[in-house]
Structure formats: C-alpha cells, structure tokens
$ cat final30.cif   # mmCIF, C-alpha atoms
data_model
loop_
_atom_site.label_atom_id
_atom_site.label_comp_id
_atom_site.auth_asym_id
_atom_site.auth_seq_id
_atom_site.Cartn_x
_atom_site.Cartn_y
_atom_site.Cartn_z
CA LYS T 1 0.00 0.00 0.00
CA LYS T 2 1.03 3.61 -0.44
CA GLY T 3 1.30 4.03 3.31
CA ASP T 4 3.88 1.24 3.47
CA PHE T 5 6.23 3.22 1.23
CA ILE T 6 6.06 5.96 3.88
CA ARG T 7 6.52 3.51 6.77
CA PHE T 8 9.70 2.14 5.22
CA ALA T 9 10.88 5.55 3.93
CA LYS T 10 11.00 4.23 0.35
CA PRO T 11 9.44 6.95 -1.84
CA THR T 12 8.80 6.06 -5.48
CA THR T 13 11.33 8.44 -6.98
CA SER T 14 14.47 7.98 -9.04
CA PHE T 15 16.74 10.88 -8.12
CA ASP T 16 14.42 13.85 -8.93
CA ASN T 17 12.01 11.90 -11.16
CA LEU T 18 8.61 10.56 -10.15
CA LEU T 19 7.96 6.84 -10.56
CA GLN T 20 4.67 4.98 -10.76
CA THR T 21 5.18 1.75 -8.86
CA GLY T 22 3.72 -1.70 -9.28
CA GLY T 23 5.18 -3.06 -6.05
CA SER T 24 8.34 -3.27 -3.98
CA PHE T 25 10.09 -6.06 -2.08
CA ASN T 26 12.99 -6.43 0.32
CA VAL T 27 14.59 -9.79 -0.46
CA LEU T 28 17.14 -11.42 1.85
CA LEU T 29 18.64 -14.93 1.85
CA THR T 30 19.85 -16.82 4.89
CA LEU T 31 21.37 -20.22 5.56
CA ASN T 32 21.12 -21.54 9.12
CA GLY T 33 20.33 -18.03 10.28
CA SER T 34 23.29 -16.36 8.56
CA PRO T 35 22.93 -14.04 5.53
CA ILE T 36 24.14 -15.36 2.17
CA SER T 37 24.39 -13.82 -1.30
CA LEU T 38 23.30 -14.95 -4.74
CA GLY T 39 25.76 -16.80 -6.93
CA SER T 40 27.05 -15.28 -10.13
CA ASN T 41 24.27 -14.93 -12.75
CA VAL T 42 21.75 -16.60 -10.42
CA SER T 43 18.27 -15.07 -10.49
CA TYR T 44 14.95 -15.61 -8.74
CA LYS T 45 11.34 -14.79 -9.58
CA ILE T 46 8.54 -13.16 -7.63
CA LYS T 47 5.04 -13.61 -9.03
CA TYR T 48 2.12 -11.70 -7.52
CA ARG T 49 -1.34 -10.42 -8.36
CA ASP T 50 -2.30 -6.96 -9.59
CA PRO T 51 -5.78 -6.21 -10.95
CA ALA T 52 -4.50 -3.95 -13.76
CA PRO T 53 -0.90 -4.78 -14.73
CA THR T 54 0.82 -2.71 -17.41
CA SER T 55 3.64 -3.62 -19.76
CA ASP T 56 5.28 -0.25 -19.02
CA MET T 57 6.88 -1.57 -15.81
CA ARG T 58 10.66 -1.90 -15.59
CA PHE T 59 13.02 -3.32 -12.99
CA PHE T 60 14.57 -0.95 -10.43
CA ASN T 61 16.84 -1.57 -7.46
CA GLU T 62 17.84 0.68 -4.60
CA VAL T 63 21.16 2.55 -4.81
CA LEU T 64 23.01 5.00 -2.57
CA THR T 65 23.59 8.50 -3.92
CA SER T 66 25.31 11.52 -2.41
CA THR T 67 24.38 15.18 -2.69
CA ILE T 68 26.15 18.28 -1.42
CA THR T 69 24.24 18.13 1.87
CA ASP T 70 23.12 14.52 2.31
CA THR T 71 23.49 10.85 1.42
CA LEU T 72 20.27 9.43 0.03
CA LEU T 73 18.80 6.15 -1.15
CA THR T 74 16.99 6.18 -4.47
CA TRP T 75 15.66 3.81 -7.12
CA GLN T 76 17.64 3.22 -10.32
CA GLN T 77 16.48 1.39 -13.43
CA ASN T 78 18.69 -1.66 -13.99
CA ASP T 79 17.69 -3.67 -17.07
CA SER T 80 20.81 -5.85 -16.84
CA ALA T 81 19.90 -7.05 -13.34
CA GLY T 82 16.22 -7.79 -13.73
CA SER T 83 13.02 -7.64 -15.75
CA VAL T 84 9.27 -7.36 -15.24
CA ASN T 85 6.58 -9.26 -17.16
CA THR T 86 2.81 -9.34 -16.88
CA TRP T 87 0.83 -12.57 -16.58
CA GLN T 88 -2.80 -13.65 -16.85
CA GLN T 89 -4.51 -16.88 -15.84
CA THR T 90 -8.14 -18.00 -15.97
CA LEU T 91 -9.07 -20.44 -13.22
CA PRO T 92 -10.49 -23.77 -14.53
CA GLN T 93 -13.40 -23.87 -12.07
CA PRO T 94 -16.56 -21.73 -12.05
CA PRO T 95 -16.89 -18.77 -11.93
CA TYR T 96 -13.73 -18.98 -14.12
CA THR T 97 -12.10 -15.96 -12.52
CA THR T 98 -9.26 -14.36 -14.47
CA LEU T 99 -6.22 -13.46 -12.37
CA LYS T 100 -3.57 -10.96 -13.47
CA GLY T 101 -0.32 -9.63 -12.14
CA TYR T 102 3.44 -9.16 -12.43
CA GLU T 103 6.41 -11.50 -12.44
CA ILE T 104 9.73 -9.93 -11.44
CA THR T 105 12.99 -11.67 -12.35
CA SER T 106 15.92 -10.35 -10.33
CA LYS T 107 19.64 -10.91 -9.87
CA LYS T 108 19.62 -8.39 -7.01
CA LEU T 109 18.87 -8.86 -3.33
CA SER T 110 17.75 -6.21 -0.84
CA TRP T 111 15.21 -3.62 -2.06
CA ILE T 112 13.81 -4.09 -5.57
CA ASN T 113 10.90 -2.36 -7.28
CA CYS T 114 8.95 -2.45 -10.53
CA ASP T 115 8.15 1.03 -11.82
CA PHE T 116 7.91 3.28 -14.83
CA PHE T 117 8.75 6.96 -15.11
CA ASN T 118 5.80 9.32 -14.76
CA ASP T 119 5.00 11.39 -17.86
CA THR T 120 7.77 13.99 -18.14
CA THR T 121 6.20 15.91 -21.05
CA GLN T 122 3.60 17.59 -18.83
CA PRO T 123 4.21 21.16 -17.64
CA TYR T 124 5.44 21.07 -14.07
CA THR T 125 6.14 23.33 -11.13
CA ARG T 126 7.99 23.25 -7.84
CA LEU T 127 5.97 22.18 -4.80
CA ASN T 128 6.78 24.25 -1.69
CA VAL T 129 5.47 23.44 1.79
CA THR T 130 5.92 25.20 5.12
CA LEU T 131 5.31 23.85 8.63
CA PRO T 132 5.43 25.53 12.07
CA LEU T 133 9.00 26.34 13.08
CA ASN T 134 9.30 23.52 15.65
CA PHE T 135 8.83 20.96 12.85
CA THR T 136 12.29 20.62 11.31
CA ASN T 137 14.27 18.27 9.09
CA SER T 138 15.56 16.54 12.23
CA ASN T 139 12.11 15.50 13.50
CA THR T 140 9.80 15.59 10.47
CA ALA T 141 9.37 13.85 7.12
CA VAL T 142 7.01 15.28 4.50
CA TYR T 143 5.59 13.28 1.58
CA VAL T 144 3.36 13.98 -1.39
CA VAL T 145 1.00 11.09 -2.20
CA TYR T 146 -0.91 10.97 -5.49
CA LYS T 147 -4.62 10.24 -5.19
CA ASN T 148 -5.06 8.39 -8.52
CA LYS T 149 -1.56 7.06 -9.18
CA ASN T 150 0.84 4.87 -7.25
CA ILE T 151 3.33 7.70 -6.66
CA ILE T 152 4.82 8.67 -3.30
CA ALA T 153 7.55 11.33 -3.18
CA ARG T 154 9.45 12.64 -0.17
CA LEU T 155 10.01 16.37 -0.07
CA ARG T 156 13.51 17.69 0.52
CA THR T 157 14.36 20.40 3.01
CA ASN T 158 15.52 23.91 2.22
CA ILE T 159 17.23 24.80 5.48
CA PRO T 160 17.78 28.57 4.85
CA THR T 161 14.08 29.13 4.07
CA LYS T 162 12.81 26.44 6.51
CA THR T 163 10.62 24.90 3.81
CA TYR T 164 10.10 21.50 2.23
CA TYR T 165 10.02 21.10 -1.55
CA PHE T 166 9.96 18.79 -4.55
CA GLY T 167 11.33 20.28 -7.74
CA ARG T 168 9.14 18.74 -10.45
CA ILE T 169 5.44 18.11 -9.85
CA PRO T 170 3.12 18.12 -12.90
CA ILE T 171 0.63 20.97 -12.82
CA GLY T 172 -2.87 19.70 -12.13
CA SER T 173 -1.72 16.77 -9.97
CA GLU T 174 -4.28 15.78 -7.33
CA VAL T 175 -2.25 14.88 -4.27
CA LYS T 176 -2.29 14.63 -0.50
CA LEU T 177 0.49 16.21 1.56
CA VAL T 178 1.48 14.06 4.53
CA SER T 179 3.87 14.94 7.36
CA ILE T 180 4.94 12.63 10.18
CA SER T 181 6.91 13.98 13.12
CA LYS T 182 8.32 12.89 16.46
CA ILE T 183 9.04 15.68 18.95
CA GLY T 184 10.14 14.38 22.34
CA ASN T 185 7.94 11.36 23.00
CA GLU T 186 4.96 12.67 21.03
CA PHE T 187 3.98 11.94 17.43
CA TYR T 188 2.34 14.37 15.01
CA LEU T 189 0.46 13.92 11.75
CA GLY T 190 -0.26 16.54 9.10
CA ALA T 191 -2.46 16.01 6.04
CA LYS T 192 -3.90 18.25 3.33
CA GLU T 193 -5.41 17.50 -0.08
CA ILE T 194 -4.47 19.90 -2.86
CA THR T 195 -4.40 20.25 -6.63
CA VAL T 196 -0.95 21.48 -7.64
CA GLN T 197 -1.24 24.66 -9.70
CA ASN T 198 1.83 26.80 -9.05
CA ALA T 199 4.86 27.28 -6.82
CA ASN T 200 2.98 29.15 -4.08
CA LEU T 201 3.90 28.25 -0.51
CA ILE T 202 1.45 25.76 1.03
CA SER T 203 1.07 25.55 4.80
CA LEU T 204 0.69 22.28 6.67
CA ASN T 205 -0.26 22.20 10.36
CA PRO T 206 0.41 18.83 12.05
CA GLU T 207 -1.65 17.67 15.03
CA GLN T 208 -0.60 15.37 17.86
CA LYS T 209 -1.81 11.83 17.17
CA SER T 210 -1.28 8.34 18.57
CA ILE T 211 0.68 5.70 16.66
CA ALA T 212 -2.57 3.75 16.18
CA VAL T 213 -4.25 6.74 14.52
CA ILE T 214 -1.23 7.37 12.28
CA ASN T 215 -1.15 3.72 11.18
CA THR T 216 -4.87 3.77 10.38
CA PHE T 217 -4.32 6.92 8.31
CA LEU T 218 -1.41 5.38 6.41
CA ASP T 219 -3.50 2.29 5.65
CA SER T 220 -6.16 4.53 4.11
CA LEU T 221 -3.89 6.17 1.54
#
$ encode --input "final30.cif" --output "structure tokens"
Amino acid sequence: KKGDFIRFAKPTTSFDNLLQTGGSFNVLLTLNGSPISLGSNVSYKIKYRDPAPTSDMRFFNEVLTSTITDTLLTWQQNDSAGSVNTWQQTLPQPPYTTLKGYEITSKKLSWINCDFFNDTTQPYTRLNVTLPLNFTNSNTAVYVVYKNKNIIARLRTNIPTKTYYFGRIPIGSEVKLVSISKIGNEFYLGAKEITVQNANLISLNPEQKSIAVINTFLDSL
C-alpha cells in the first residue's frame, strides 16, 4: 500500500524523477540463520497479483547516492539485473475468474521495485510546503502522495528558508500532503489534499496523534 512506502521511507522516486510503482520487495537470503548472497548470474522470480498490470513496468533496485548536503537512497532502473513481465490466468473452475499480475525476475537482493517513469512531457512546477518552526528536518518527514496514481515522493528540506520542496510536480496533480513527526515522545500527523497549480507556498499544520491513529491513516492512503 502507499502508506507502506512511507513507513519504510521508500518513496517512489528515481533521483528527482517521479515513478509509478507496481510493487516493492525487500529480499534477503539466509542459511542456518546467517545471511548469504546470490551466486554469479543466479536469479529468482517473484510472481504476484495486480488487478490492472501494465507492460510499461521496468526493474529498479535501490542505490546510494550523495548530494552536497546529504546521502540518500533512491531507485535506479537496472535492465541488466532484472526484468518485469505481466501474466494472466483463468481459473479452470466456475466462476472462471481471471487473475492478473506481475512477475519480477531479479539478480539483485535487498530492495527491488517495478516502476515506470511518470510522464515527463507535462508542464510542471515546484511544490513548496511550510510547517510551524518547531517541525524541522531533524524531526519531520514530508511526503506527497498521489490520489489516482501509485506515486509517493518525499520532499527535501531547504534549510535557509525552513521549507520542504519537490522540484518537479506536474501541474494539475491531485495529491495529499502528509507529514509525520516525532518531537520528544509525542507523534504528530499533518495532512492536506491539494491540486498542484503553481509554486505558491502551502502551509501544513500537524496535530498530535497516537501511533494507532497514524497507522490507520497510512492504511487509508
């Protein structure tokens, strides 16, 4: 679910580009309780259901990238390490239900994902968000979650202006802004639905919530 990408801090972005995801997995191998790696040119498959699979999906794995101010994890397309195919199967018994989904073939362990790049031909703008001053990059994470697409992006912080931003959001995107914070021993949740039109500053005002309420909210995304 979209909320799980927030729980695990795995936004569906490749560097500064938005990705539409068809699912993500964290794959580990162990032998007698100890981690092991894949042999050379050994691959595995993961087959799972999706009601509306698309042939646009490609294989991505997680990589570490460094910026001037931070070290970040991001998704990178890696056609040499994996592939994604769609499948369809009609059950032989009444009511003869047709199942559909994806099959990922991977030579990579750890975090893998099947995605495709969101349309980059659309006009876009920068999304700018402000929170009260006690919500900072050290205690708060802010995400933008698409309502009608499987896209979850984490906003970066602009420390001099005390704002959060994402550089390229298509104009007209219907999204929900989500912030999760921990200040002391208390947790806070912020949420606002917007249609992105321009680079105007958008305010978000988190409220103190319990972990149970935050989890229920994340499950609803």
$ closest_atom_pairs --input "final30.cif" --of "range 35-152 of chain T" --to "range 7-19 of chain T" --cutoff "6 Å" --atoms "all atoms listed in the file" --output "CSV"
residue,atom,partner,partner_atom,distance
T:Thr74,CA,T:Ser14,CA,5.5
T:Trp75,CA,T:Ser14,CA,4.7
T:Gln76,CA,T:Ser14,CA,5.9
T:Asp115,CA,T:Leu19,CA,5.9
T:Phe116,CA,T:Leu19,CA,5.6
T:Phe117,CA,T:Leu19,CA,4.6
T:Asn118,CA,T:Leu19,CA,5.3
T:Ile151,CA,T:Thr12,CA,5.8
T:Ile152,CA,T:Pro11,CA,5.1
$ resolve_selection --input "final30.cif" --expression "the PyMOL selection byres ((chain T and resi 109) around 9)" --output "list of chain:residue names"
T:Asn26, T:Val27, T:Leu28, T:Leu29, T:Ser37, T:Leu38, T:Asn61, T:Ser106, T:Lys107, T:Lys108, T:Ser110, T:Trp111, T:Ile112
$ write_last_selection --input "final30.cif" --atoms "C-alpha atoms" --output "short mmCIF file (atom, residue, chain, number, x, y, z; two decimals), in the frame of the given file"
data_model
loop_
_atom_site.label_atom_id
_atom_site.label_comp_id
_atom_site.auth_asym_id
_atom_site.auth_seq_id
_atom_site.Cartn_x
_atom_site.Cartn_y
_atom_site.Cartn_z
CA ASN T 26 12.99 -6.43 0.32
CA VAL T 27 14.59 -9.79 -0.46
CA LEU T 28 17.14 -11.42 1.85
CA LEU T 29 18.64 -14.93 1.85
CA SER T 37 24.39 -13.82 -1.30
CA LEU T 38 23.30 -14.95 -4.74
CA ASN T 61 16.84 -1.57 -7.46
CA SER T 106 15.92 -10.35 -10.33
CA LYS T 107 19.64 -10.91 -9.87
CA LYS T 108 19.62 -8.39 -7.01
CA SER T 110 17.75 -6.21 -0.84
CA TRP T 111 15.21 -3.62 -2.06
CA ILE T 112 13.81 -4.09 -5.57
#
$ closest_residue --input "final30.cif" --among "T:Asn205, T:Thr157, T:Ser55, T:Asn134" --to "Glu103 in chain T" --atoms "all atoms listed in the file"
T:Ser55
$ closest_residue --input "final30.cif" --among "T:Thr195, T:Gly22, T:Pro123, T:Pro35" --to "Thr86 in chain T" --atoms "only C-alpha atoms"
T:Gly22
$ closest_residue --input "final30.cif" --among "T:Thr161, T:Ser24, T:Val144, T:Thr216" --to "Ala191 in chain T" --atoms "only C-alpha atoms"
T:Val144
$ atom_distance --input "final30.cif" --atom1 "CA of Ser173 in chain T" --atom2 "CA of Leu218 in chain T"
20.0 Å
$ atom_distance --input "final30.cif" --atom1 "CA of Ile214 in chain T" --atom2 "CA of Phe187 in chain T"
8.6 Å
$ atom_distance --input "final30.cif" --atom1 "CA of Lys2 in chain T" --atom2 "CA of Lys149 in chain T"
9.7 Å
$ residues_around --input "final30.cif" --residues "Thr140 in chain T" --least-positions-apart "6" --cutoff "9 Å" --atoms "all atoms listed in the file" --output "PDB file with C-alpha atoms, in the frame of the given file"
ATOM      1  CA  SER T 179       3.870  14.940   7.360  1.00  0.00           C
ATOM      2  CA  ILE T 180       4.940  12.630  10.180  1.00  0.00           C
ATOM      3  CA  SER T 181       6.910  13.980  13.120  1.00  0.00           C
ATOM      4  CA  LYS T 182       8.320  12.890  16.460  1.00  0.00           C
ATOM      5  CA  ILE T 183       9.040  15.680  18.950  1.00  0.00           C
ATOM      6  CA  TYR T 188       2.340  14.370  15.010  1.00  0.00           C
TER       7      TYR T 188
END
$ residues_around --input "final30.cif" --residues "Asp79 in chain T" --least-positions-apart "5" --cutoff "8 Å" --atoms "all atoms listed in the file" --output "list in words"
Arg58, Phe59 and Phe60 of chain T
$ closest_residue --input "final30.cif" --among "T:Asn158, T:Asn185, T:Thr54, T:Ser43" --to "Asn139 in chain T" --atoms "only C-alpha atoms"
T:Asn185
$ resolve_selection --input "final30.cif" --expression "the PyMOL selection byres ((chain T and resi 98) around 12)" --output "list in words"
Arg49, Asp50, Pro51, Ala52, Trp87, Gln88, Gln89, Thr90, Leu91, Pro92, Gln93, Pro94, Pro95, Tyr96, Thr97, Leu99, Lys100 and Gly101 of chain T
$ resolve_selection --input "final30.cif" --expression "the PyMOL selection byres ((chain T and resi 171) around 10)" --output "ChimeraX atom specification"
/T:122-127,168-170,172-174,195-199
$ closest_residue --input "final30.cif" --among "T:Ile202, T:Leu133, T:Lys176, T:Ala212" --to "Arg154 in chain T" --atoms "only C-alpha atoms"
T:Lys176
$ closest_residue --input "final30.cif" --among "T:Gly167, T:Pro53, T:Gly39, T:Gly23" --to "Asn128 in chain T" --atoms "only C-alpha atoms"
T:Gly167
